[in-house]
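Pasted below: input-v7.pdb, PDB, C-alpha atoms, pLDDT in the B column.
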ATOM      1  CA  GLN Y   1      -4.967  14.428   5.005  1.00 48.00           C
ATOM      2  CA  GLN Y   2      -5.906  10.997   6.315  1.00 58.00           C
ATOM      3  CA  GLN Y   3      -9.050   9.990   4.512  1.00 87.00           C
ATOM      4  CA  VAL Y   4      -9.314   6.472   5.892  1.00 95.00           C
ATOM      5  CA  LYS Y   5      -9.457   5.896   9.643  1.00 96.00           C
ATOM      6  CA  GLN Y   6      -8.604   2.426  10.906  1.00 97.00           C
ATOM      7  CA  SER Y   7      -9.130   0.841  14.309  1.00 96.00           C
ATOM      8  CA  PRO Y   8      -7.914  -0.696  16.489  1.00 97.00           C
ATOM      9  CA  GLN Y   9      -4.187   0.049  16.337  1.00 97.00           C
ATOM     10  CA  SER Y  10      -3.408  -3.353  17.760  1.00 97.00           C
ATOM     11  CA  LEU Y  11      -5.390  -6.500  18.386  1.00 97.00           C
ATOM     12  CA  ILE Y  12      -4.655  -9.690  20.267  1.00 98.00           C
ATOM     13  CA  VAL Y  13      -6.808 -12.720  19.550  1.00 98.00           C
ATOM     14  CA  GLN Y  14      -6.649 -16.324  20.690  1.00 98.00           C
ATOM     15  CA  LYS Y  15      -6.138 -19.032  18.102  1.00 97.00           C
ATOM     16  CA  GLY Y  16      -9.487 -20.006  16.634  1.00 97.00           C
ATOM     17  CA  GLY Y  17     -11.100 -16.683  17.480  1.00 97.00           C
ATOM     18  CA  ILE Y  18     -12.478 -13.981  15.216  1.00 98.00           C
ATOM     19  CA  SER Y  19     -10.379 -10.919  14.414  1.00 98.00           C
ATOM     20  CA  ILE Y  20     -12.292  -7.786  13.452  1.00 98.00           C
ATOM     21  CA  ILE Y  21     -10.703  -4.633  12.065  1.00 98.00           C
ATOM     22  CA  ASN Y  22     -12.734  -1.566  11.184  1.00 98.00           C
ATOM     23  CA  CYS Y  23     -12.256   1.297   8.766  1.00 98.00           C
ATOM     24  CA  ALA Y  24     -14.172   4.456   7.999  1.00 97.00           C
ATOM     25  CA  TYR Y  25     -13.734   6.719   5.016  1.00 96.00           C
ATOM     26  CA  GLU Y  26     -14.716  10.269   4.187  1.00 92.00           C
ATOM     27  CA  ASN Y  27     -14.587  10.635   0.425  1.00 92.00           C
ATOM     28  CA  THR Y  28     -17.786   9.325  -1.158  1.00 92.00           C
ATOM     29  CA  ALA Y  29     -15.986   9.123  -4.502  1.00 91.00           C
ATOM     30  CA  PHE Y  30     -14.019   6.109  -3.267  1.00 92.00           C
ATOM     31  CA  ASP Y  31     -15.259   2.978  -4.987  1.00 89.00           C
ATOM     32  CA  TYR Y  32     -12.591   0.371  -4.379  1.00 91.00           C
ATOM     33  CA  PHE Y  33     -11.765  -0.898  -0.894  1.00 94.00           C
ATOM     34  CA  PRO Y  34      -8.902  -3.386  -0.540  1.00 94.00           C
ATOM     35  CA  TRP Y  35      -7.262  -4.908   2.499  1.00 96.00           C
ATOM     36  CA  TYR Y  36      -3.550  -5.566   2.577  1.00 96.00           C
ATOM     37  CA  GLN Y  37      -1.523  -7.847   4.830  1.00 97.00           C
ATOM     38  CA  GLN Y  38       2.074  -7.019   5.652  1.00 97.00           C
ATOM     39  CA  PHE Y  39       4.622  -9.224   7.382  1.00 96.00           C
ATOM     40  CA  PRO Y  40       7.832  -7.743   8.843  1.00 93.00           C
ATOM     41  CA  GLY Y  41      10.408  -7.106   6.155  1.00 90.00           C
ATOM     42  CA  LYS Y  42       7.911  -7.609   3.342  1.00 93.00           C
ATOM     43  CA  GLY Y  43       5.774  -5.357   1.229  1.00 95.00           C
ATOM     44  CA  PRO Y  44       1.990  -5.285   1.663  1.00 96.00           C
ATOM     45  CA  ALA Y  45       0.120  -8.081  -0.109  1.00 95.00           C
ATOM     46  CA  LEU Y  46      -3.417  -7.730  -1.413  1.00 93.00           C
ATOM     47  CA  LEU Y  47      -5.709  -9.913   0.676  1.00 95.00           C
ATOM     48  CA  ILE Y  48      -9.230  -9.169  -0.452  1.00 94.00           C
ATOM     49  CA  ALA Y  49     -11.089  -6.221  -1.951  1.00 92.00           C
ATOM     50  CA  ILE Y  50     -14.659  -5.035  -2.376  1.00 92.00           C
ATOM     51  CA  ARG Y  51     -16.539  -2.552  -4.505  1.00 89.00           C
ATOM     52  CA  PRO Y  52     -19.555  -0.648  -3.114  1.00 88.00           C
ATOM     53  CA  ASP Y  53     -22.140  -2.498  -5.179  1.00 89.00           C
ATOM     54  CA  VAL Y  54     -21.981  -5.430  -2.733  1.00 91.00           C
ATOM     55  CA  SER Y  55     -22.310  -5.479   1.056  1.00 93.00           C
ATOM     56  CA  GLU Y  56     -20.137  -8.488   1.756  1.00 95.00           C
ATOM     57  CA  LYS Y  57     -17.378 -10.499   0.127  1.00 95.00           C
ATOM     58  CA  LYS Y  58     -15.904 -13.702   1.450  1.00 96.00           C
ATOM     59  CA  GLU Y  59     -12.695 -15.471   0.470  1.00 95.00           C
ATOM     60  CA  GLY Y  60     -11.828 -18.420   2.639  1.00 96.00           C
ATOM     61  CA  ARG Y  61     -11.502 -17.270   6.250  1.00 97.00           C
ATOM     62  CA  PHE Y  62     -11.486 -13.591   5.250  1.00 97.00           C
ATOM     63  CA  THR Y  63     -14.681 -11.526   4.895  1.00 97.00           C
ATOM     64  CA  ILE Y  64     -15.191  -7.867   4.094  1.00 96.00           C
ATOM     65  CA  SER Y  65     -18.392  -6.251   5.297  1.00 96.00           C
ATOM     66  CA  PHE Y  66     -19.288  -2.946   3.644  1.00 95.00           C
ATOM     67  CA  ASN Y  67     -21.788  -0.325   4.804  1.00 95.00           C
ATOM     68  CA  LYS Y  68     -22.093   2.367   2.157  1.00 93.00           C
ATOM     69  CA  SER Y  69     -24.486   4.614   4.083  1.00 94.00           C
ATOM     70  CA  ALA Y  70     -22.233   4.639   7.140  1.00 95.00           C
ATOM     71  CA  LYS Y  71     -19.097   4.885   4.998  1.00 95.00           C
ATOM     72  CA  GLN Y  72     -17.548   2.015   6.908  1.00 96.00           C
ATOM     73  CA  PHE Y  73     -16.050  -1.329   6.051  1.00 97.00           C
ATOM     74  CA  SER Y  74     -14.495  -4.062   8.097  1.00 98.00           C
ATOM     75  CA  LEU Y  75     -12.346  -7.156   7.808  1.00 98.00           C
ATOM     76  CA  HIS Y  76     -13.298 -10.310   9.660  1.00 98.00           C
ATOM     77  CA  ILE Y  77     -10.786 -13.128  10.003  1.00 98.00           C
ATOM     78  CA  MET Y  78     -12.511 -16.314  11.088  1.00 98.00           C
ATOM     79  CA  ASP Y  79     -10.684 -19.122  12.905  1.00 98.00           C
ATOM     80  CA  SER Y  80      -7.644 -16.869  13.364  1.00 98.00           C
ATOM     81  CA  GLN Y  81      -4.288 -18.653  13.253  1.00 97.00           C
ATOM     82  CA  PRO Y  82      -0.825 -17.678  14.555  1.00 97.00           C
ATOM     83  CA  GLY Y  83       0.267 -17.414  10.917  1.00 97.00           C
ATOM     84  CA  ASP Y  84      -2.230 -14.565  10.508  1.00 98.00           C
ATOM     85  CA  SER Y  85      -0.136 -12.427  12.876  1.00 98.00           C
ATOM     86  CA  ALA Y  86       0.772  -9.432  10.743  1.00 98.00           C
ATOM     87  CA  THR Y  87      -0.124  -5.802  10.165  1.00 97.00           C
ATOM     88  CA  TYR Y  88      -3.335  -5.235   8.240  1.00 98.00           C
ATOM     89  CA  PHE Y  89      -4.096  -2.110   6.245  1.00 97.00           C
ATOM     90  CA  CYS Y  90      -7.396  -1.032   4.828  1.00 97.00           C
ATOM     91  CA  ALA Y  91      -7.339   1.284   1.851  1.00 95.00           C
ATOM     92  CA  ALA Y  92      -9.582   3.131  -0.528  1.00 94.00           C
ATOM     93  CA  SER Y  93      -9.247   4.539  -3.989  1.00 91.00           C
ATOM     94  CA  ILE Y  94     -11.238   5.924  -6.866  1.00 87.00           C
ATOM     95  CA  ARG Y  95     -11.695   3.461  -9.717  1.00 73.00           C
ATOM     96  CA  GLY Y  96      -8.793   3.390 -12.104  1.00 63.00           C
ATOM     97  CA  ASN Y  97      -6.644   5.392  -9.753  1.00 78.00           C
ATOM     98  CA  ASN Y  98      -3.666   3.797  -8.047  1.00 84.00           C
ATOM     99  CA  ASP Y  99      -3.441   6.713  -5.600  1.00 88.00           C
ATOM    100  CA  MET Y 100      -4.463   4.444  -2.749  1.00 91.00           C
ATOM    101  CA  ARG Y 101      -5.343   6.041   0.608  1.00 94.00           C
ATOM    102  CA  PHE Y 102      -4.286   3.720   3.386  1.00 95.00           C
ATOM    103  CA  GLY Y 103      -5.439   3.427   6.964  1.00 96.00           C
ATOM    104  CA  ALA Y 104      -2.818   3.587   9.699  1.00 96.00           C
ATOM    105  CA  GLY Y 105      -2.678  -0.186  10.105  1.00 97.00           C
ATOM    106  CA  THR Y 106      -3.637  -2.755  12.735  1.00 98.00           C
ATOM    107  CA  ARG Y 107      -1.044  -5.031  14.254  1.00 98.00           C
ATOM    108  CA  LEU Y 108      -2.725  -8.391  14.790  1.00 98.00           C
ATOM    109  CA  THR Y 109      -1.251 -10.960  17.148  1.00 98.00           C
ATOM    110  CA  VAL Y 110      -2.859 -14.388  17.284  1.00 98.00           C
ATOM    111  CA  LYS Y 111      -1.825 -16.276  20.402  1.00 97.00           C
ATOM    112  CA  PRO Y 112      -1.539 -20.093  20.185  1.00 93.00           C
TER     113      PRO Y 112
ATOM    114  CA  LYS O 113       5.956 -15.401 -12.536  1.00 67.00           C
ATOM    115  CA  ALA O 114       8.526 -13.219 -10.823  1.00 79.00           C
ATOM    116  CA  GLY O 115       7.221 -10.597  -8.433  1.00 93.00           C
ATOM    117  CA  VAL O 116       8.101  -6.942  -8.153  1.00 96.00           C
ATOM    118  CA  THR O 117      11.833  -6.473  -7.679  1.00 97.00           C
ATOM    119  CA  GLN O 118      13.285  -3.458  -5.944  1.00 98.00           C
ATOM    120  CA  THR O 119      16.935  -2.518  -5.666  1.00 97.00           C
ATOM    121  CA  PRO O 120      18.787  -1.760  -3.556  1.00 97.00           C
ATOM    122  CA  ARG O 121      17.077  -3.286  -0.541  1.00 97.00           C
ATOM    123  CA  TYR O 122      18.975  -1.207   1.983  1.00 97.00           C
ATOM    124  CA  LEU O 123      20.993   1.955   1.700  1.00 96.00           C
ATOM    125  CA  ILE O 124      22.440   4.625   3.933  1.00 98.00           C
ATOM    126  CA  LYS O 125      22.955   8.190   2.776  1.00 98.00           C
ATOM    127  CA  THR O 126      23.842  11.476   4.417  1.00 97.00           C
ATOM    128  CA  ARG O 127      21.884  14.701   4.372  1.00 97.00           C
ATOM    129  CA  GLY O 128      22.191  16.628   1.136  1.00 97.00           C
ATOM    130  CA  GLN O 129      22.998  13.603  -0.995  1.00 98.00           C
ATOM    131  CA  GLN O 130      20.677  12.183  -3.604  1.00 98.00           C
ATOM    132  CA  VAL O 131      19.466   8.640  -4.135  1.00 98.00           C
ATOM    133  CA  THR O 132      18.006   6.622  -6.992  1.00 98.00           C
ATOM    134  CA  LEU O 133      15.833   3.574  -6.365  1.00 98.00           C
ATOM    135  CA  SER O 134      14.896   1.036  -8.992  1.00 98.00           C
ATOM    136  CA  CYS O 135      11.811  -1.079  -9.540  1.00 98.00           C
ATOM    137  CA  SER O 136      11.146  -3.908 -11.994  1.00 97.00           C
ATOM    138  CA  PRO O 137       7.405  -4.645 -12.218  1.00 96.00           C
ATOM    139  CA  ILE O 138       5.729  -7.969 -12.787  1.00 95.00           C
ATOM    140  CA  SER O 139       5.984  -8.993 -16.430  1.00 93.00           C
ATOM    141  CA  GLY O 140       3.051  -7.549 -18.355  1.00 91.00           C
ATOM    142  CA  HIS O 141       2.260  -4.874 -15.795  1.00 91.00           C
ATOM    143  CA  ARG O 142       2.359  -1.408 -17.306  1.00 91.00           C
ATOM    144  CA  SER O 143       1.597   0.668 -14.224  1.00 92.00           C
ATOM    145  CA  VAL O 144       4.143   1.364 -11.497  1.00 95.00           C
ATOM    146  CA  SER O 145       3.306   3.286  -8.339  1.00 96.00           C
ATOM    147  CA  TRP O 146       5.630   4.403  -5.572  1.00 98.00           C
ATOM    148  CA  TYR O 147       4.756   4.699  -1.905  1.00 98.00           C
ATOM    149  CA  GLN O 148       6.630   5.909   1.153  1.00 98.00           C
ATOM    150  CA  GLN O 149       6.106   4.021   4.404  1.00 97.00           C
ATOM    151  CA  THR O 150       7.099   5.513   7.759  1.00 96.00           C
ATOM    152  CA  PRO O 151       5.999   4.713  11.320  1.00 92.00           C
ATOM    153  CA  GLY O 152       4.588   8.212  11.751  1.00 89.00           C
ATOM    154  CA  GLN O 153       2.846   8.864   8.440  1.00 91.00           C
ATOM    155  CA  GLY O 154       2.093   5.314   7.352  1.00 93.00           C
ATOM    156  CA  LEU O 155       1.782   4.507   3.662  1.00 96.00           C
ATOM    157  CA  GLN O 156       1.700   7.567   1.447  1.00 96.00           C
ATOM    158  CA  PHE O 157       1.361   7.711  -2.323  1.00 96.00           C
ATOM    159  CA  LEU O 158       4.230   9.350  -4.173  1.00 97.00           C
ATOM    160  CA  PHE O 159       3.390   8.940  -7.872  1.00 95.00           C
ATOM    161  CA  GLU O 160       2.187   6.558 -10.553  1.00 94.00           C
ATOM    162  CA  TYR O 161       3.609   5.930 -13.989  1.00 94.00           C
ATOM    163  CA  PHE O 162       1.790   4.279 -16.848  1.00 92.00           C
ATOM    164  CA  SER O 163       3.303   3.800 -20.289  1.00 90.00           C
ATOM    165  CA  GLU O 164       6.225   6.088 -19.422  1.00 93.00           C
ATOM    166  CA  THR O 165       3.923   8.951 -18.378  1.00 94.00           C
ATOM    167  CA  GLN O 166       3.318  10.216 -14.867  1.00 94.00           C
ATOM    168  CA  ARG O 167      -0.389   9.720 -14.388  1.00 90.00           C
ATOM    169  CA  ASN O 168      -0.786  10.811 -10.807  1.00 89.00           C
ATOM    170  CA  LYS O 169       1.264  12.545  -8.144  1.00 94.00           C
ATOM    171  CA  GLY O 170       0.950  12.664  -4.384  1.00 94.00           C
ATOM    172  CA  ASN O 171       1.623  15.546  -2.045  1.00 93.00           C
ATOM    173  CA  PHE O 172       5.415  15.403  -1.885  1.00 96.00           C
ATOM    174  CA  PRO O 173       7.959  18.143  -2.643  1.00 96.00           C
ATOM    175  CA  GLY O 174       9.667  18.390  -5.998  1.00 96.00           C
ATOM    176  CA  ARG O 175      12.779  16.728  -4.560  1.00 97.00           C
ATOM    177  CA  PHE O 176      10.942  13.477  -5.193  1.00 98.00           C
ATOM    178  CA  SER O 177      10.818  12.518  -8.841  1.00 97.00           C
ATOM    179  CA  GLY O 178      10.490   9.436 -10.942  1.00 97.00           C
ATOM    180  CA  ARG O 179      10.436   8.052 -14.413  1.00 97.00           C
ATOM    181  CA  GLN O 180       9.407   4.947 -16.276  1.00 97.00           C
ATOM    182  CA  PHE O 181      11.184   3.301 -19.143  1.00 96.00           C
ATOM    183  CA  SER O 182       9.741   1.629 -22.238  1.00 95.00           C
ATOM    184  CA  ASN O 183      10.108  -1.817 -20.601  1.00 94.00           C
ATOM    185  CA  SER O 184       7.945  -0.551 -17.677  1.00 94.00           C
ATOM    186  CA  ARG O 185      10.868  -0.521 -15.255  1.00 97.00           C
ATOM    187  CA  SER O 186      10.801   2.542 -13.054  1.00 98.00           C
ATOM    188  CA  GLU O 187      13.177   4.615 -11.009  1.00 98.00           C
ATOM    189  CA  MET O 188      12.552   7.192  -8.351  1.00 98.00           C
ATOM    190  CA  ASN O 189      15.000   9.827  -7.268  1.00 98.00           C
ATOM    191  CA  VAL O 190      15.205  11.889  -4.125  1.00 98.00           C
ATOM    192  CA  SER O 191      17.537  14.875  -4.206  1.00 96.00           C
ATOM    193  CA  THR O 192      18.950  16.920  -1.341  1.00 97.00           C
ATOM    194  CA  LEU O 193      18.092  14.248   1.201  1.00 98.00           C
ATOM    195  CA  GLU O 194      16.683  15.244   4.580  1.00 97.00           C
ATOM    196  CA  LEU O 195      16.582  13.229   7.787  1.00 97.00           C
ATOM    197  CA  GLY O 196      12.812  12.921   7.390  1.00 96.00           C
ATOM    198  CA  ASP O 197      13.252  11.072   4.110  1.00 97.00           C
ATOM    199  CA  SER O 198      14.320   7.980   6.050  1.00 98.00           C
ATOM    200  CA  ALA O 199      11.659   5.462   5.151  1.00 97.00           C
ATOM    201  CA  LEU O 200      10.767   2.267   3.388  1.00 97.00           C
ATOM    202  CA  TYR O 201      10.086   3.078  -0.262  1.00 98.00           C
ATOM    203  CA  LEU O 202       7.699   0.636  -1.853  1.00 98.00           C
ATOM    204  CA  CYS O 203       7.067   0.076  -5.500  1.00 97.00           C
ATOM    205  CA  ALA O 204       3.818  -1.491  -6.656  1.00 96.00           C
ATOM    206  CA  SER O 205       2.933  -2.693 -10.098  1.00 94.00           C
ATOM    207  CA  SER O 206      -0.452  -3.335 -11.632  1.00 91.00           C
ATOM    208  CA  LEU O 207      -1.999  -4.188 -14.955  1.00 84.00           C
ATOM    209  CA  GLY O 208      -3.453  -0.717 -15.091  1.00 72.00           C
ATOM    210  CA  ASP O 209      -6.913   0.046 -16.323  1.00 69.00           C
ATOM    211  CA  SER O 210      -7.884  -3.604 -16.815  1.00 67.00           C
ATOM    212  CA  ALA O 211      -7.476  -4.259 -13.080  1.00 69.00           C
ATOM    213  CA  PRO O 212      -7.681  -0.867 -11.385  1.00 69.00           C
ATOM    214  CA  GLY O 213      -6.397  -0.683  -7.855  1.00 74.00           C
ATOM    215  CA  GLU O 214      -4.958  -4.206  -7.708  1.00 86.00           C
ATOM    216  CA  LEU O 215      -1.465  -3.404  -6.552  1.00 92.00           C
ATOM    217  CA  PHE O 216       1.361  -5.881  -6.165  1.00 94.00           C
ATOM    218  CA  PHE O 217       4.076  -4.542  -3.912  1.00 96.00           C
ATOM    219  CA  GLY O 218       7.776  -5.275  -3.835  1.00 97.00           C
ATOM    220  CA  GLU O 219       9.677  -5.742  -0.590  1.00 96.00           C
ATOM    221  CA  GLY O 220      10.855  -2.156  -0.614  1.00 97.00           C
ATOM    222  CA  SER O 221      14.063  -0.185  -0.405  1.00 98.00           C
ATOM    223  CA  ARG O 222      14.881   0.899   3.122  1.00 97.00           C
ATOM    224  CA  LEU O 223      16.585   4.280   3.075  1.00 98.00           C
ATOM    225  CA  THR O 224      18.345   5.656   6.118  1.00 98.00           C
ATOM    226  CA  VAL O 225      19.483   9.284   6.024  1.00 98.00           C
ATOM    227  CA  LEU O 226      22.146  10.262   8.561  1.00 96.00           C
TER     228      LEU O 226
END
Exercise: express the given structure as structure tokens:
Amino acid sequence: QQQVKQSPQSLIVQKGGISIINCAYENTAFDYFPWYQQFPGKGPALLIAIRPDVSEKKEGRFTISFNKSAKQFSLHIMDSQPGDSATYFCAASIRGNNDMRFGAGTRLTVKP
Amino acid sequence: KAGVTQTPRYLIKTRGQQVTLSCSPISGHRSVSWYQQTPGQGLQFLFEYFSETQRNKGNFPGRFSGRQFSNSRSEMNVSTLELGDSALYLCASSLGDSAPGELFFGEGSRLTVL
């Protein structure tokens, strides 16, 4: 039933590098695409989100790139820091619907 | 502003028992959603409550149920527990229609079924 495919499963990046996580979705009715960050022992926290009327959204070091025709979106973390080490989940939902479909997650490790 | 509070944080049950988990949403949030998180299946939507009404339900058996009270607090119940119900149960609150999809998660209730 997975409707959002996320890759890679794990990612190791050097401090200061760029982390890139990709997601692809199937349901063209999805119109809200958030990214969540989860630290061990904590619940997921909303990081940044995009709607399909824009192709890119940037908040600080975090950028979402969105390709509607390819049904893909990605998270870029610039100047990655050890404190960014966490599991990242992409998700998708239909507007007004909190039935969020999550990707399988990417475990990011940023080495100092 | 206090975040989403879930109780208990940890609990151990045996097969066949039932369990009730509680969630207090962020003040002013009227929507509460429940998710199950497991290593194998990831994050899966259980149900959403808005103004005491179940608005949406995921693909889980009827052993999983929930309710919401007039103060927006929510409970979920799992009856006749199975080993496979061992998971982290996450509650998420949101403003609802004024901010669709913006979920704020609690730290979860970790259920172990023996």
Box along x, y and z, 6 Å on every side, all listed atoms of segment 66-85 of chain Y inside: centre and edge lengths in Å to one decimal, as JSON.
{"center_x": -12.1, "center_y": -7.1, "center_z": 8.4, "size_x": 36.8, "size_y": 36.0, "size_z": 24.4}
Report the closest atom pair, with its distance in Å rounded to one decimal, for each residue of chain Y that has an atom no farther than 8 Å from chain O; count only C-alpha atoms, sort by chain and then rising residue number, and write it as JSON lines.
{"residue": "Y:Tyr32", "atom": "CA", "partner": "O:Gly213", "partner_atom": "CA", "distance": 7.2}
{"residue": "Y:Gly41", "atom": "CA", "partner": "O:Glu219", "partner_atom": "CA", "distance": 6.9}
{"residue": "Y:Lys42", "atom": "CA", "partner": "O:Glu219", "partner_atom": "CA", "distance": 4.7}
{"residue": "Y:Gly43", "atom": "CA", "partner": "O:Glu219", "partner_atom": "CA", "distance": 4.3}
{"residue": "Y:Pro44", "atom": "CA", "partner": "O:Phe217", "partner_atom": "CA", "distance": 6.0}
{"residue": "Y:Ala45", "atom": "CA", "partner": "O:Phe217", "partner_atom": "CA", "distance": 6.5}
{"residue": "Y:Leu46", "atom": "CA", "partner": "O:Phe216", "partner_atom": "CA", "distance": 7.0}
{"residue": "Y:Ser93", "atom": "CA", "partner": "O:Gly213", "partner_atom": "CA", "distance": 7.1}
{"residue": "Y:Arg95", "atom": "CA", "partner": "O:Pro212", "partner_atom": "CA", "distance": 6.1}
{"residue": "Y:Gly96", "atom": "CA", "partner": "O:Pro212", "partner_atom": "CA", "distance": 4.5}
{"residue": "Y:Asn97", "atom": "CA", "partner": "O:Gly213", "partner_atom": "CA", "distance": 6.4}
{"residue": "Y:Asn98", "atom": "CA", "partner": "O:Gly213", "partner_atom": "CA", "distance": 5.3}
{"residue": "Y:Asp99", "atom": "CA", "partner": "O:Phe157", "partner_atom": "CA", "distance": 5.9}
{"residue": "Y:Met100", "atom": "CA", "partner": "O:Phe157", "partner_atom": "CA", "distance": 6.7}
{"residue": "Y:Arg101", "atom": "CA", "partner": "O:Gln156", "partner_atom": "CA", "distance": 7.3}
{"residue": "Y:Phe102", "atom": "CA", "partner": "O:Leu155", "partner_atom": "CA", "distance": 6.1}
{"residue": "Y:Gly103", "atom": "CA", "partner": "O:Gly154", "partner_atom": "CA", "distance": 7.8}
{"residue": "Y:Ala104", "atom": "CA", "partner": "O:Gly154", "partner_atom": "CA", "distance": 5.7}
{"residue": "Y:Gly105", "atom": "CA", "partner": "O:Gly154", "partner_atom": "CA", "distance": 7.8}
Counting only C-alpha atoms, the option among Y:Ser85, Y:Gln9, Y:Ser74, Y:Asn22 closest to Ile50 of chain Y: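 Nearest to Ile50 of chain Y: Y:Ser74.
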Contacts of Gln130 of chain O at 6 Å or less, counting all atoms listed in the file, minus same-chain residues fewer than 4 places along, as a list in words?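 In the requested format, the answer is Val190, Ser191, Thr192 and Leu193 of chain O.
Minimum atom-to-atom distance to Gly140 of chain O, evaluated using only C-alpha atoms, belongs to O:Leu207 out of O:Leu207, O:Leu123, O:Leu223, O:Met188.
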Please compute the atom CA of Arg51 of chain Y-atom CA of Phe66 of chain Y distance, one decimal, in Å. 8.6 Å
Contacts of Gln14 of chain Y at 9 Å or less, counting all atoms listed in the file, minus same-chain residues fewer than 6 places along, as a PyMOL selection string? chain Y and resi 80-82+109-112
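Once the PyMOL selection byres ((chain Y and resi 30) around 7) is applied to the depicted file, the selected set reads Asn27, Thr28, Ala29, Asp31, Tyr32, Ala92, Ser93 and Ile94 of chain Y.
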Save out the residues we just selected, C-alpha atoms, as an mmCIF file, in the frame of the given file.
data_model
loop_
_atom_site.group_PDB
_atom_site.id
_atom_site.type_symbol
_atom_site.label_atom_id
_atom_site.label_comp_id
_atom_site.auth_asym_id
_atom_site.auth_seq_id
_atom_site.Cartn_x
_atom_site.Cartn_y
_atom_site.Cartn_z
ATOM 1 C CA ASN Y 27 -14.587 10.635 0.425
ATOM 2 C CA THR Y 28 -17.786 9.325 -1.158
ATOM 3 C CA ALA Y 29 -15.986 9.123 -4.502
ATOM 4 C CA ASP Y 31 -15.259 2.978 -4.987
ATOM 5 C CA TYR Y 32 -12.591 0.371 -4.379
ATOM 6 C CA ALA Y 92 -9.582 3.131 -0.528
ATOM 7 C CA SER Y 93 -9.247 4.539 -3.989
ATOM 8 C CA ILE Y 94 -11.238 5.924 -6.866
#
Two-atom distance - atom CA of Ser7 of chain Y, atom CA of Thr224 of chain O (Å): 29.1 Å
Å distance separating atom CA of Pro40 of chain Y from atom CA of Cys135 of chain O, one decimal place: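 Separation between atom CA of Pro40 of chain Y and atom CA of Cys135 of chain O: 20.0 Å.
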Among the residues O:Gln166, O:Ser177, O:Thr117, O:Ser182, the one that comes closest to Ile138 of chain O [using all atoms listed in the file]: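 Once distances to Ile138 of chain O are computed over all atoms listed in the file, the minimum belongs to O:Thr117.
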Could you tell me which residues the PyMOL selection byres ((chain O and resi 163) around 7) returns for this structure, as a list in words?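 Here the PyMOL selection byres ((chain O and resi 163) around 7) matches Arg142, Tyr161, Phe162, Glu164, Thr165 and Ser184 of chain O.
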Would you write out, as a ChimeraX atom specification, every residue that the PyMOL selection byres ((chain Y and resi 106) around 9) captures in this file? /Y:6-11,21,86-90,103-105,107-108
Scan for residues within 6 Å of the point (-6.3, -4.9, 0.3) in the coordinates of the file, using only C-alpha atoms, and reply as a ChimeraX atom specification. /Y:34-36,46-49
